[in-house]
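Undergrad: Next comes data.cif, mmCIF, C-alpha atoms:
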data_protein
loop_
_atom_site.label_atom_id
_atom_site.label_comp_id
_atom_site.auth_asym_id
_atom_site.auth_seq_id
_atom_site.Cartn_x
_atom_site.Cartn_y
_atom_site.Cartn_z
CA MET A 1 32.61 9.96 5.66
CA ARG A 2 36.04 11.58 5.81
CA TYR A 3 37.37 13.97 3.17
CA ARG A 4 40.90 14.57 1.92
CA ILE A 5 42.58 17.08 -0.40
CA LEU A 6 43.31 15.57 -3.80
CA GLY A 7 46.99 15.81 -4.67
CA GLY A 8 47.56 19.48 -3.86
CA THR A 9 44.71 20.59 -6.13
CA GLY A 10 42.58 22.09 -3.38
CA ILE A 11 39.81 19.70 -4.40
CA GLU A 12 38.33 17.92 -1.39
CA VAL A 13 37.17 14.35 -1.99
CA SER A 14 35.56 11.62 0.08
CA THR A 15 37.64 8.68 1.32
CA TYR A 16 35.49 6.45 -0.88
CA CYS A 17 34.82 7.17 -4.55
CA LEU A 18 31.95 5.75 -6.59
CA GLY A 19 33.31 3.95 -9.64
CA THR A 20 30.89 3.44 -12.52
CA MET A 21 32.61 0.78 -14.63
CA MET A 22 29.73 -1.61 -13.97
CA PHE A 23 27.05 0.82 -15.17
CA GLY A 24 26.01 0.20 -18.76
CA ALA A 25 26.00 -2.78 -21.08
CA VAL A 26 28.83 -4.67 -19.35
CA GLY A 27 27.18 -4.55 -15.93
CA ASN A 28 23.91 -2.84 -15.03
CA PRO A 29 22.15 -1.75 -18.26
CA ASP A 30 19.21 -0.17 -16.39
CA HIS A 31 19.98 3.55 -16.56
CA GLN A 32 17.34 4.55 -14.03
CA ASP A 33 18.60 2.01 -11.50
CA ALA A 34 22.21 3.12 -12.04
CA VAL A 35 21.20 6.76 -11.50
CA ARG A 36 19.47 5.78 -8.25
CA ILE A 37 22.67 4.07 -7.08
CA ILE A 38 24.72 7.17 -7.87
CA HIS A 39 22.23 9.42 -6.04
CA SER A 40 22.22 7.08 -3.04
CA ALA A 41 26.01 7.25 -2.78
CA LEU A 42 26.00 11.04 -3.07
CA ASP A 43 23.26 11.35 -0.45
CA ARG A 44 25.37 9.29 1.97
CA GLY A 45 28.46 11.46 1.84
CA VAL A 46 30.33 10.25 -1.24
CA ASN A 47 31.19 13.35 -3.29
CA PHE A 48 33.54 11.76 -5.83
CA VAL A 49 32.45 9.88 -8.97
CA ASP A 50 34.92 8.18 -11.32
CA THR A 51 34.15 6.94 -14.81
CA ALA A 52 35.92 6.54 -18.19
CA ASP A 53 35.05 7.11 -21.82
CA MET A 54 35.64 3.42 -22.64
CA TYR A 55 33.30 1.99 -20.00
CA SER A 56 30.54 0.38 -22.07
CA ALA A 57 31.72 2.50 -25.03
CA GLY A 58 30.66 5.79 -23.45
CA GLU A 59 27.41 4.56 -21.91
CA SER A 60 28.73 4.86 -18.37
CA GLU A 61 29.54 8.54 -18.93
CA GLU A 62 26.04 9.07 -20.27
CA ILE A 63 24.55 7.53 -17.11
CA VAL A 64 26.72 9.73 -14.90
CA GLY A 65 25.60 12.73 -16.92
CA LYS A 66 21.96 11.85 -16.26
CA ALA A 67 22.66 11.47 -12.53
CA LEU A 68 24.35 14.89 -12.36
CA ARG A 69 21.88 16.74 -14.57
CA ASP A 70 20.71 18.84 -11.61
CA PRO A 71 23.19 21.77 -11.48
CA ARG A 72 23.27 21.61 -7.69
CA ARG A 73 24.30 17.94 -7.72
CA ARG A 74 26.92 18.67 -10.34
CA ASP A 75 28.40 21.53 -8.34
CA GLU A 76 28.64 19.38 -5.22
CA THR A 77 30.26 16.42 -7.00
CA VAL A 78 33.90 15.93 -7.96
CA LEU A 79 33.73 14.33 -11.40
CA ALA A 80 36.55 12.25 -12.86
CA THR A 81 36.87 10.45 -16.19
CA LYS A 82 39.64 9.01 -18.34
CA VAL A 83 41.10 8.89 -21.85
CA TYR A 84 43.33 6.45 -23.76
CA PHE A 85 41.37 3.50 -25.16
CA PRO A 86 39.67 3.73 -28.58
CA VAL A 87 35.98 4.65 -28.38
CA GLY A 88 33.65 4.52 -31.36
CA GLY A 89 35.88 2.45 -33.63
CA ASP A 90 39.42 1.19 -34.14
CA GLY A 91 42.34 2.42 -36.16
CA PRO A 92 45.80 3.95 -35.71
CA ALA A 93 44.36 7.46 -35.27
CA ARG A 94 42.00 6.43 -32.49
CA GLY A 95 43.08 6.07 -28.88
CA GLY A 96 46.33 6.86 -27.16
CA LEU A 97 47.56 10.08 -25.60
CA SER A 98 48.36 12.26 -28.59
CA ARG A 99 47.21 15.88 -28.75
CA ARG A 100 44.87 14.97 -31.58
CA TRP A 101 43.11 12.15 -29.72
CA ILE A 102 42.92 13.84 -26.31
CA THR A 103 41.46 16.98 -27.91
CA ARG A 104 38.75 14.92 -29.60
CA ALA A 105 38.12 12.62 -26.65
CA VAL A 106 37.64 15.35 -24.05
CA GLU A 107 34.95 17.04 -26.16
CA ALA A 108 33.12 13.72 -26.55
CA SER A 109 33.32 13.08 -22.80
CA LEU A 110 32.04 16.55 -21.97
CA ALA A 111 29.08 15.99 -24.29
CA ARG A 112 28.23 12.58 -22.83
CA LEU A 113 28.58 13.87 -19.27
CA GLY A 114 26.46 16.92 -20.03
CA THR A 115 28.89 19.29 -18.32
CA ASP A 116 31.23 22.13 -19.24
CA ARG A 117 34.17 20.91 -17.15
CA ILE A 118 35.77 17.74 -15.79
CA ASP A 119 37.28 18.02 -12.33
CA LEU A 120 39.90 15.30 -12.80
CA TYR A 121 40.88 14.06 -16.26
CA GLN A 122 43.07 10.95 -16.18
CA VAL A 123 45.15 9.22 -18.82
CA HIS A 124 43.97 5.64 -18.53
CA ARG A 125 47.23 3.87 -19.43
CA PRO A 126 50.74 4.84 -20.62
CA ASP A 127 51.20 5.38 -24.37
CA HIS A 128 54.66 4.43 -25.64
CA ARG A 129 53.84 5.88 -29.08
CA THR A 130 53.46 9.46 -27.81
CA ASP A 131 56.11 11.59 -26.13
CA ILE A 132 54.95 12.39 -22.58
CA GLU A 133 55.75 16.06 -23.25
CA GLU A 134 53.01 16.20 -25.90
CA THR A 135 50.52 14.62 -23.49
CA LEU A 136 51.34 16.98 -20.62
CA ASP A 137 51.27 19.96 -22.97
CA VAL A 138 47.75 19.30 -24.27
CA LEU A 139 46.44 18.47 -20.79
CA GLY A 140 47.86 21.75 -19.52
CA ASP A 141 46.10 23.56 -22.36
CA LEU A 142 42.79 21.96 -21.32
CA VAL A 143 43.31 23.28 -17.78
CA SER A 144 43.98 26.78 -19.15
CA GLN A 145 40.82 26.53 -21.26
CA GLY A 146 38.75 25.59 -18.20
CA LYS A 147 37.65 22.26 -19.66
CA ILE A 148 39.40 20.31 -16.88
CA ARG A 149 40.47 21.39 -13.39
CA ALA A 150 43.34 18.94 -12.90
CA PHE A 151 44.76 15.82 -14.53
CA GLY A 152 46.33 12.57 -13.45
CA CYS A 153 47.46 9.14 -14.61
CA SER A 154 46.19 5.61 -14.10
CA THR A 155 48.07 2.32 -13.76
CA PHE A 156 51.44 3.94 -14.49
CA PRO A 157 54.58 2.14 -13.29
CA ALA A 158 56.74 4.17 -10.92
CA GLU A 159 59.37 4.92 -13.56
CA ARG A 160 56.75 6.43 -15.89
CA ILE A 161 55.51 8.68 -13.09
CA VAL A 162 59.06 9.86 -12.36
CA GLU A 163 59.67 10.50 -16.08
CA ALA A 164 56.49 12.54 -16.38
CA HIS A 165 57.41 14.72 -13.41
CA ALA A 166 60.96 15.21 -14.71
CA VAL A 167 59.66 16.31 -18.12
CA ALA A 168 57.13 18.64 -16.51
CA ASP A 169 59.85 20.27 -14.39
CA ARG A 170 62.28 20.55 -17.30
CA ARG A 171 59.74 21.99 -19.75
CA GLY A 172 57.74 24.11 -17.32
CA LEU A 173 54.56 22.09 -17.87
CA ARG A 174 51.73 21.24 -15.52
CA ARG A 175 52.19 17.85 -13.86
CA PHE A 176 50.13 14.79 -13.02
CA ARG A 177 48.32 15.42 -9.73
CA THR A 178 47.01 11.90 -9.16
CA GLU A 179 47.69 8.25 -9.86
CA GLN A 180 45.02 5.53 -10.00
CA PRO A 181 46.60 2.09 -9.37
CA PRO A 182 45.08 -1.32 -8.63
CA TYR A 183 45.43 -2.06 -4.92
CA SER A 184 43.90 -4.75 -2.74
CA LEU A 185 44.62 -7.47 -0.21
CA LEU A 186 45.63 -9.69 -3.14
CA ALA A 187 47.46 -7.04 -5.17
CA ARG A 188 49.99 -5.20 -3.05
CA GLY A 189 52.70 -4.74 -5.66
CA VAL A 190 52.23 -0.95 -5.81
CA GLU A 191 53.44 -0.71 -2.21
CA THR A 192 56.99 -1.31 -3.47
CA ALA A 193 57.45 1.80 -5.62
CA VAL A 194 54.24 3.34 -7.02
CA LEU A 195 52.75 4.44 -3.69
CA PRO A 196 56.08 5.76 -2.27
CA VAL A 197 56.73 7.69 -5.50
CA ALA A 198 53.22 9.17 -5.41
CA GLN A 199 53.81 10.27 -1.83
CA ARG A 200 57.17 11.79 -2.73
CA TYR A 201 55.55 13.94 -5.43
CA GLY A 202 52.53 14.84 -3.31
CA MET A 203 50.13 13.07 -5.66
CA GLY A 204 46.65 11.97 -4.74
CA VAL A 205 46.08 8.22 -5.05
CA LEU A 206 42.75 6.70 -6.09
CA THR A 207 42.90 2.92 -5.85
CA TRP A 208 40.80 0.61 -7.99
CA ALA A 209 39.75 -3.06 -7.70
CA PRO A 210 39.74 -3.22 -3.86
CA LEU A 211 37.75 -6.47 -4.16
CA ALA A 212 40.32 -7.96 -6.58
CA SER A 213 37.86 -8.45 -9.46
CA GLY A 214 35.37 -10.08 -7.09
CA TYR A 215 37.70 -12.50 -5.31
CA LEU A 216 37.26 -10.53 -2.08
CA SER A 217 33.51 -10.13 -2.47
CA GLY A 218 32.80 -13.52 -0.88
CA ALA A 219 31.36 -14.87 -4.12
CA TYR A 220 34.40 -17.01 -4.90
CA ARG A 221 35.41 -19.56 -2.26
CA LYS A 222 37.51 -22.69 -2.33
CA GLY A 223 35.59 -25.89 -3.09
CA ARG A 224 32.39 -24.13 -4.15
CA GLY A 225 33.06 -24.15 -7.88
CA VAL A 226 32.89 -21.20 -10.26
CA ASP A 227 30.18 -20.61 -12.85
CA MET A 228 32.29 -19.96 -15.93
CA THR A 229 29.30 -19.08 -18.13
CA ARG A 230 28.38 -15.68 -16.65
CA GLY A 231 29.77 -12.45 -15.26
CA ARG A 232 33.48 -11.73 -15.03
CA ALA A 233 34.33 -15.44 -15.28
CA ALA A 234 32.79 -15.64 -18.74
CA ILE A 235 34.61 -12.50 -19.92
CA THR A 236 38.07 -13.40 -18.54
CA PRO A 237 38.03 -17.14 -17.78
CA HIS A 238 41.79 -17.29 -17.23
CA ARG A 239 41.33 -15.17 -14.09
CA PHE A 240 38.67 -17.41 -12.54
CA ASP A 241 39.17 -21.01 -13.66
CA PRO A 242 39.96 -22.77 -10.35
CA ALA A 243 41.87 -25.46 -12.24
CA LEU A 244 44.64 -22.95 -12.97
CA PRO A 245 47.35 -22.88 -10.28
CA GLU A 246 47.34 -19.07 -9.98
CA ASN A 247 43.59 -19.01 -9.31
CA ALA A 248 43.80 -21.90 -6.87
CA ALA A 249 46.46 -19.97 -4.95
CA LYS A 250 44.19 -16.90 -4.82
CA LEU A 251 41.37 -19.01 -3.42
CA ASP A 252 43.69 -20.33 -0.71
CA LEU A 253 44.53 -16.77 0.33
CA VAL A 254 40.87 -15.80 0.25
CA GLU A 255 40.12 -18.56 2.78
CA GLU A 256 42.74 -17.23 5.18
CA LEU A 257 41.50 -13.66 4.80
CA ALA A 258 37.87 -14.72 5.21
CA LEU A 259 38.79 -16.46 8.46
CA LEU A 260 40.50 -13.30 9.70
CA ALA A 261 37.44 -11.22 8.81
CA GLU A 262 35.22 -13.63 10.71
CA GLU A 263 37.47 -13.46 13.77
CA ILE A 264 37.32 -9.65 13.95
CA GLY A 265 33.58 -9.56 13.28
CA CYS A 266 33.32 -8.13 9.77
CA SER A 267 32.66 -9.37 6.26
CA LEU A 268 35.43 -10.10 3.76
CA PRO A 269 34.46 -7.10 1.56
CA GLU A 270 34.50 -4.82 4.62
CA LEU A 271 38.00 -6.04 5.48
CA ALA A 272 39.14 -5.44 1.90
CA ILE A 273 37.75 -1.90 1.71
CA ALA A 274 39.17 -0.91 5.09
CA PHE A 275 42.59 -2.32 4.16
CA ALA A 276 42.91 -0.19 1.02
CA ALA A 277 41.93 2.97 2.90
CA ALA A 278 44.48 2.33 5.68
CA HIS A 279 47.57 3.07 3.57
CA PRO A 280 48.84 6.65 4.19
CA ALA A 281 49.38 7.25 0.45
CA VAL A 282 45.77 6.46 -0.47
CA THR A 283 43.44 9.44 -0.88
CA SER A 284 40.28 7.65 -2.00
CA VAL A 285 39.23 4.05 -2.63
CA ILE A 286 37.09 3.44 -5.72
CA LEU A 287 34.05 1.27 -5.06
CA GLY A 288 32.47 -0.33 -8.14
CA PRO A 289 28.99 -1.62 -7.28
CA ARG A 290 26.59 -2.97 -9.86
CA THR A 291 23.52 -3.01 -7.62
CA MET A 292 22.12 -1.03 -4.68
CA GLU A 293 22.68 -4.05 -2.44
CA GLN A 294 26.36 -4.09 -3.35
CA LEU A 295 26.65 -0.36 -2.64
CA ASP A 296 25.05 -0.83 0.77
CA GLY A 297 27.51 -3.60 1.65
CA LEU A 298 30.53 -1.62 0.49
CA LEU A 299 29.59 1.56 2.35
CA LYS A 300 29.00 -0.48 5.47
CA GLY A 301 32.73 -1.13 5.56
CA ALA A 302 33.51 2.59 5.38
CA SER A 303 33.40 2.92 9.17
CA LEU A 304 35.67 -0.08 9.85
CA VAL A 305 39.11 0.78 11.24
CA LEU A 306 41.83 -1.89 11.22
CA ASP A 307 44.31 -1.72 14.08
CA ASP A 308 48.00 -2.61 13.78
CA ALA A 309 47.46 -6.13 15.08
CA VAL A 310 45.02 -6.90 12.26
CA LEU A 311 47.28 -5.29 9.65
CA ASP A 312 50.19 -7.39 10.96
CA ARG A 313 48.11 -10.53 10.46
CA ILE A 314 47.26 -9.44 6.91
CA ASP A 315 50.99 -8.94 6.25
CA ALA A 316 51.59 -12.52 7.38
CA ILE A 317 49.01 -13.83 4.89
CA VAL A 318 49.93 -11.62 1.93
CA PRO A 319 53.37 -10.03 2.46
CA PRO A 320 53.77 -6.31 1.65
CA GLY A 321 54.58 -5.65 -1.99
CA THR A 322 53.23 -9.03 -3.09
CA ASP A 323 50.86 -9.54 -6.03
CA ALA A 324 48.86 -12.77 -5.97
CA TYR A 325 47.84 -12.05 -9.56
CA ARG A 326 48.54 -9.52 -12.29
CA ALA A 327 46.16 -6.76 -11.24
CA ASP A 328 46.70 -4.54 -14.29
CA GLY A 329 46.03 -7.42 -16.68
CA VAL A 330 44.44 -5.26 -19.37
CA TRP A 331 47.77 -3.50 -19.98
CA GLN A 332 51.34 -4.69 -20.09
CA PRO A 333 54.48 -2.74 -20.98
CA PRO A 334 55.26 -2.89 -24.71
CA SER A 335 58.80 -3.88 -23.71
CA LEU A 336 57.27 -7.25 -22.77
CA THR A 337 54.49 -7.62 -25.32
CA GLU A 338 56.33 -6.48 -28.47
CA PRO A 339 59.24 -8.84 -29.31
CA ALA A 340 60.87 -6.28 -31.62
CA LEU A 341 61.53 -4.03 -28.61
CA ARG A 342 63.62 -6.69 -26.84
CA ARG A 343 65.34 -8.40 -29.77
CA ARG A 344 68.09 -6.96 -31.91
CA PRO A 345 67.64 -7.37 -35.68
CA LEU A 346 68.89 -10.81 -36.66
CA GLY A 347 71.89 -9.43 -38.54
CA GLU A 348 73.12 -7.52 -35.47
CA ARG A 349 73.01 -10.36 -32.93
CA ALA A 350 76.47 -11.80 -33.62
CA ALA A 351 79.33 -10.64 -31.40
CA SER A 352 81.49 -9.88 -34.42
CA ASP A 353 81.04 -9.08 -38.11
CA GLY A 354 82.79 -12.21 -39.32
#
Produce structure tokens that represent the structure in this file.
TA:
Amino acid sequence: MRYRILGGTGIEVSTYCLGTMMFGAVGNPDHQDAVRIIHSALDRGVNFVDTADMYSAGESEEIVGKALRDPRRRDETVLATKVYFPVGGDGPARGGLSRRWITRAVEASLARLGTDRIDLYQVHRPDHRTDIEETLDVLGDLVSQGKIRAFGCSTFPAERIVEAHAVADRRGLRRFRTEQPPYSLLARGVETAVLPVAQRYGMGVLTWAPLASGYLSGAYRKGRGVDMTRGRAAITPHRFDPALPENAAKLDLVEELALLAEEIGCSLPELAIAFAAAHPAVTSVILGPRTMEQLDGLLKGASLVLDDAVLDRIDAIVPPGTDAYRADGVWQPPSLTEPALRRRPLGERAASDG
């Protein structure tokens, strides 16, 4: 396992990071089994664990806390979690990136994780309701208090990253050290601006969804049908229904990529994992297993190195900067989702007063 410095923080992390989104009610509800999976990853060289307060409404953080209860394990592990989504109820005062919510959320995460500090605290999505200066200011205070070592952002568009750095420079605030974008063989859109911007600012990059929500796991293949009553397909059917043109197109690409994997003597998941790690901007690739078997298969691909000829063939199948689907589907810019932000008031739409 190789190790890289995380965004100028001095924190050294493994090339592959264990993501725990699938631990808890939405994935693997067996806490003991999930702890065994975490320990297995740590024992095999992974030193980086990523979770979030909203994964299974805090349950994932609790599982990670159990796995790192031994002080020695905790000291040897780089621990990351996130804040933004409401946890423990809804309402206008819950969620977001305000000083009030971040201050409350970090204490709750520390309690669930059973630790006195978080190594990397990430804002899970942009918050158009809160000035970025307020967010950076409170995160900087948490660093000064020793509750977090560094902070970063997740699924931020390039312009939001640039804005955050400009505000930090102008106001003398601490800045985002990392970005966590979706990146896979089927979702290469971040190659256009997000990854170059992260490189320009010396940010660490932790990529998520390298298996494209399971499409690159080998479980979904053209002509085999999809069980729409269980798993991810039951939760987000619009992403998996093969009758939808977008999903049919993804399955066509999967067939081409699976053939390439077969030709070079690896599995499709191994190809997918190795691809994400090959980009020079990427610091660590987040692996999100639900079972020990899945972890074994994913770590098997950690030693695979793709040469330029293979990467050229991948480019021919899915061109650089191309998204075969909307990878960040759980969040869209308010400028698109809120009509009032892109429509003048009715009385102001005429070109003249008369």
Undergrad: Under the PyMOL selection byres ((chain A and resi 67) around 7), which residues of this model are included? Write them out as a list of chain:residue names.
TA: A:Val35, A:Ile38, A:His39, A:Ile63, A:Val64, A:Gly65, A:Lys66, A:Leu68, A:Arg69
Undergrad: Please write the residues picked by the PyMOL selection byres ((chain A and resi 124) around 12) on this file as number ranges by chain.
TA: A: 50-55, 80-86, 95-97, 102, 120-123, 125-127, 151-156, 178-181, 328, 330-331
Undergrad: To one decimal place in Å, what is the distance between atom CA of Val87 of chain A and atom CA of Leu18 of chain A?
TA: 22.2 Å
Undergrad: Using only C-alpha atoms, which residue out of A:Arg177, A:Lys300, A:Arg160, A:Lys222 lies closest to Arg44 of chain A?
TA: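 Comparing A:Arg177, A:Lys300, A:Arg160, A:Lys222 against Arg44 of chain A, the winner is A:Lys300.
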Undergrad: Can you pull out the residues contacting Thr283 of chain A? Cut-off 12 Å, using only C-alpha atoms, and skip same-chain residues under 2 positions away; I want them as a ChimeraX atom specification.
TA: /A:2-8,11-17,48,177-181,195,198-199,202-208,276-281,285-286
Undergrad: What are the centre and edge lengths in Å, to one decimal, of the axis-aligned box around all listed atoms of segment 37-54 of chain A with 3 Å added on each side, as lines of an AutoDock Vina configuration file?
TA:
center_x = 29.1
center_y = 8.4
center_z = -10.3
size_x = 19.7
size_y = 15.9
size_z = 30.6
Undergrad: Show me, as JSON, numbers by chain, the residues that have an atom within 12 Å of Asp308 of chain A when counting all atoms listed in the file, minus same-chain residues fewer than 3 positions from it.
TA: {"A": [275, 278, 279, 305, 311, 312, 313, 314, 315]}
Undergrad: Determine, counting all atoms listed in the file, every residue of protein, DNA or RNA that lies within 7 Å of (46.1, -9.0, -1.5) in the file coordinates, then give the result as an mmCIF file with C-alpha atoms, keeping the file's coordinate frame.
TA:
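Output file out.cif follows:
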data_model
loop_
_atom_site.group_PDB
_atom_site.id
_atom_site.type_symbol
_atom_site.label_atom_id
_atom_site.label_comp_id
_atom_site.auth_asym_id
_atom_site.auth_seq_id
_atom_site.Cartn_x
_atom_site.Cartn_y
_atom_site.Cartn_z
ATOM 1 C CA SER A 184 43.900 -4.750 -2.740
ATOM 2 C CA LEU A 185 44.620 -7.470 -0.210
ATOM 3 C CA LEU A 186 45.630 -9.690 -3.140
ATOM 4 C CA ALA A 187 47.460 -7.040 -5.170
ATOM 5 C CA ARG A 188 49.990 -5.200 -3.050
ATOM 6 C CA VAL A 318 49.930 -11.620 1.930
ATOM 7 C CA ASP A 323 50.860 -9.540 -6.030
ATOM 8 C CA ALA A 324 48.860 -12.770 -5.970
#
Undergrad: Fewer than 2 positions away in the same chain doesn't count, so skip those; otherwise give me all residues within 8 Å of Leu173 of chain A, counting all atoms listed in the file, as an mmCIF file with C-alpha atoms, in the frame of the given file.
TA:
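Writing done, so here's part_14.cif:
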data_model
loop_
_atom_site.group_PDB
_atom_site.id
_atom_site.type_symbol
_atom_site.label_atom_id
_atom_site.label_comp_id
_atom_site.auth_asym_id
_atom_site.auth_seq_id
_atom_site.Cartn_x
_atom_site.Cartn_y
_atom_site.Cartn_z
ATOM 1 C CA LEU A 136 51.340 16.980 -20.620
ATOM 2 C CA ASP A 137 51.270 19.960 -22.970
ATOM 3 C CA GLY A 140 47.860 21.750 -19.520
ATOM 4 C CA VAL A 167 59.660 16.310 -18.120
ATOM 5 C CA ALA A 168 57.130 18.640 -16.510
ATOM 6 C CA ASP A 169 59.850 20.270 -14.390
ATOM 7 C CA ARG A 170 62.280 20.550 -17.300
ATOM 8 C CA ARG A 171 59.740 21.990 -19.750
ATOM 9 C CA ARG A 175 52.190 17.850 -13.860
#
Undergrad: Work out how far apart atom CA of Leu341 of chain A and atom CA of Ala93 of chain A are and give it in Å to one decimal.
TA: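 Going from atom CA of Leu341 of chain A over to atom CA of Ala93 of chain A covers 21.7 Å.
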Undergrad: Evaluate the PyMOL selection byres ((chain A and resi 47) around 7) here and jot the selected residues down as a list in words.
TA: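 Taken on the displayed file, the PyMOL selection byres ((chain A and resi 47) around 7) yields the residues Val13, Ser14, Leu42, Gly45, Val46, Phe48, Val49, Glu76, Thr77 and Val78 of chain A.
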Undergrad: What does the distance from atom CA of Ser267 of chain A to atom CA of Ser217 of chain A come to in Å, to one decimal?
TA: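 Answer for the atom CA of Ser267 of chain A to atom CA of Ser217 of chain A separation: 8.8 Å.
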Undergrad: Counting all atoms listed in the file, figure out which residue out of A:Leu260, A:Asp43, A:Arg290, A:Arg349 gets nearest to His31 of chain A.
TA: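 Closest to His31 of chain A of all the choices is A:Arg290.
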Undergrad: Looking at all atoms listed in the file, which of A:Met1, A:Ala272, A:Val162, A:Met22 is the one that sits closest to Arg232 of chain A?
TA: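 The shortest atom-to-atom distance to Arg232 of chain A comes from A:Met22.
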Undergrad: Please rebuild segment 268-283 of chain A with N, CA, C and O atoms and give the result as an mmCIF file, in the frame of the given file.
TA:
data_model
loop_
_atom_site.group_PDB
_atom_site.id
_atom_site.type_symbol
_atom_site.label_atom_id
_atom_site.label_comp_id
_atom_site.auth_asym_id
_atom_site.auth_seq_id
_atom_site.Cartn_x
_atom_site.Cartn_y
_atom_site.Cartn_z
ATOM 1 N N LEU A 268 34.208 -10.150 4.576
ATOM 2 C CA LEU A 268 35.430 -10.100 3.760
ATOM 3 C C LEU A 268 35.500 -8.804 2.948
ATOM 4 O O LEU A 268 36.560 -8.152 2.915
ATOM 5 N N PRO A 269 34.396 -8.374 2.290
ATOM 6 C CA PRO A 269 34.460 -7.100 1.560
ATOM 7 C C PRO A 269 34.778 -5.918 2.471
ATOM 8 O O PRO A 269 35.522 -5.013 2.084
ATOM 9 N N GLU A 270 34.218 -5.913 3.680
ATOM 10 C CA GLU A 270 34.500 -4.820 4.620
ATOM 11 C C GLU A 270 35.980 -4.793 4.976
ATOM 12 O O GLU A 270 36.603 -3.722 5.038
ATOM 13 N N LEU A 271 36.566 -5.963 5.192
ATOM 14 C CA LEU A 271 38.000 -6.040 5.480
ATOM 15 C C LEU A 271 38.806 -5.490 4.308
ATOM 16 O O LEU A 271 39.769 -4.731 4.501
ATOM 17 N N ALA A 272 38.409 -5.862 3.096
ATOM 18 C CA ALA A 272 39.140 -5.440 1.900
ATOM 19 C C ALA A 272 39.081 -3.929 1.709
ATOM 20 O O ALA A 272 40.105 -3.289 1.399
ATOM 21 N N ILE A 273 37.913 -3.341 1.891
ATOM 22 C CA ILE A 273 37.750 -1.900 1.710
ATOM 23 C C ILE A 273 38.553 -1.142 2.760
ATOM 24 O O ILE A 273 39.250 -0.160 2.463
ATOM 25 N N ALA A 274 38.452 -1.585 4.011
ATOM 26 C CA ALA A 274 39.170 -0.910 5.090
ATOM 27 C C ALA A 274 40.680 -1.007 4.913
ATOM 28 O O ALA A 274 41.421 -0.078 5.233
ATOM 29 N N PHE A 275 41.154 -2.143 4.382
ATOM 30 C CA PHE A 275 42.590 -2.320 4.160
ATOM 31 C C PHE A 275 43.124 -1.286 3.177
ATOM 32 O O PHE A 275 44.147 -0.639 3.417
ATOM 33 N N ALA A 276 42.428 -1.126 2.048
ATOM 34 C CA ALA A 276 42.910 -0.190 1.020
ATOM 35 C C ALA A 276 42.961 1.231 1.552
ATOM 36 O O ALA A 276 43.872 2.004 1.218
ATOM 37 N N ALA A 277 41.985 1.604 2.384
ATOM 38 C CA ALA A 277 41.930 2.970 2.900
ATOM 39 C C ALA A 277 42.959 3.238 3.987
ATOM 40 O O ALA A 277 43.222 4.394 4.332
ATOM 41 N N ALA A 278 43.570 2.172 4.545
ATOM 42 C CA ALA A 278 44.480 2.330 5.680
ATOM 43 C C ALA A 278 45.867 2.808 5.269
ATOM 44 O O ALA A 278 46.622 3.310 6.110
ATOM 45 N N HIS A 279 46.224 2.671 3.985
ATOM 46 C CA HIS A 279 47.570 3.070 3.570
ATOM 47 C C HIS A 279 47.672 4.597 3.535
ATOM 48 O O HIS A 279 46.797 5.273 2.995
ATOM 49 N N PRO A 280 48.730 5.179 4.111
ATOM 50 C CA PRO A 280 48.840 6.650 4.190
ATOM 51 C C PRO A 280 48.936 7.344 2.836
ATOM 52 O O PRO A 280 48.677 8.547 2.745
ATOM 53 N N ALA A 281 49.297 6.626 1.770
ATOM 54 C CA ALA A 281 49.380 7.250 0.450
ATOM 55 C C ALA A 281 48.021 7.349 -0.235
ATOM 56 O O ALA A 281 47.854 8.119 -1.183
ATOM 57 N N VAL A 282 47.061 6.562 0.227
ATOM 58 C CA VAL A 282 45.770 6.460 -0.470
ATOM 59 C C VAL A 282 44.859 7.620 -0.077
ATOM 60 O O VAL A 282 44.590 7.845 1.104
ATOM 61 N N THR A 283 44.371 8.335 -1.093
ATOM 62 C CA THR A 283 43.440 9.440 -0.880
ATOM 63 C C THR A 283 42.008 8.948 -0.874
ATOM 64 O O THR A 283 41.213 9.307 -0.012
#
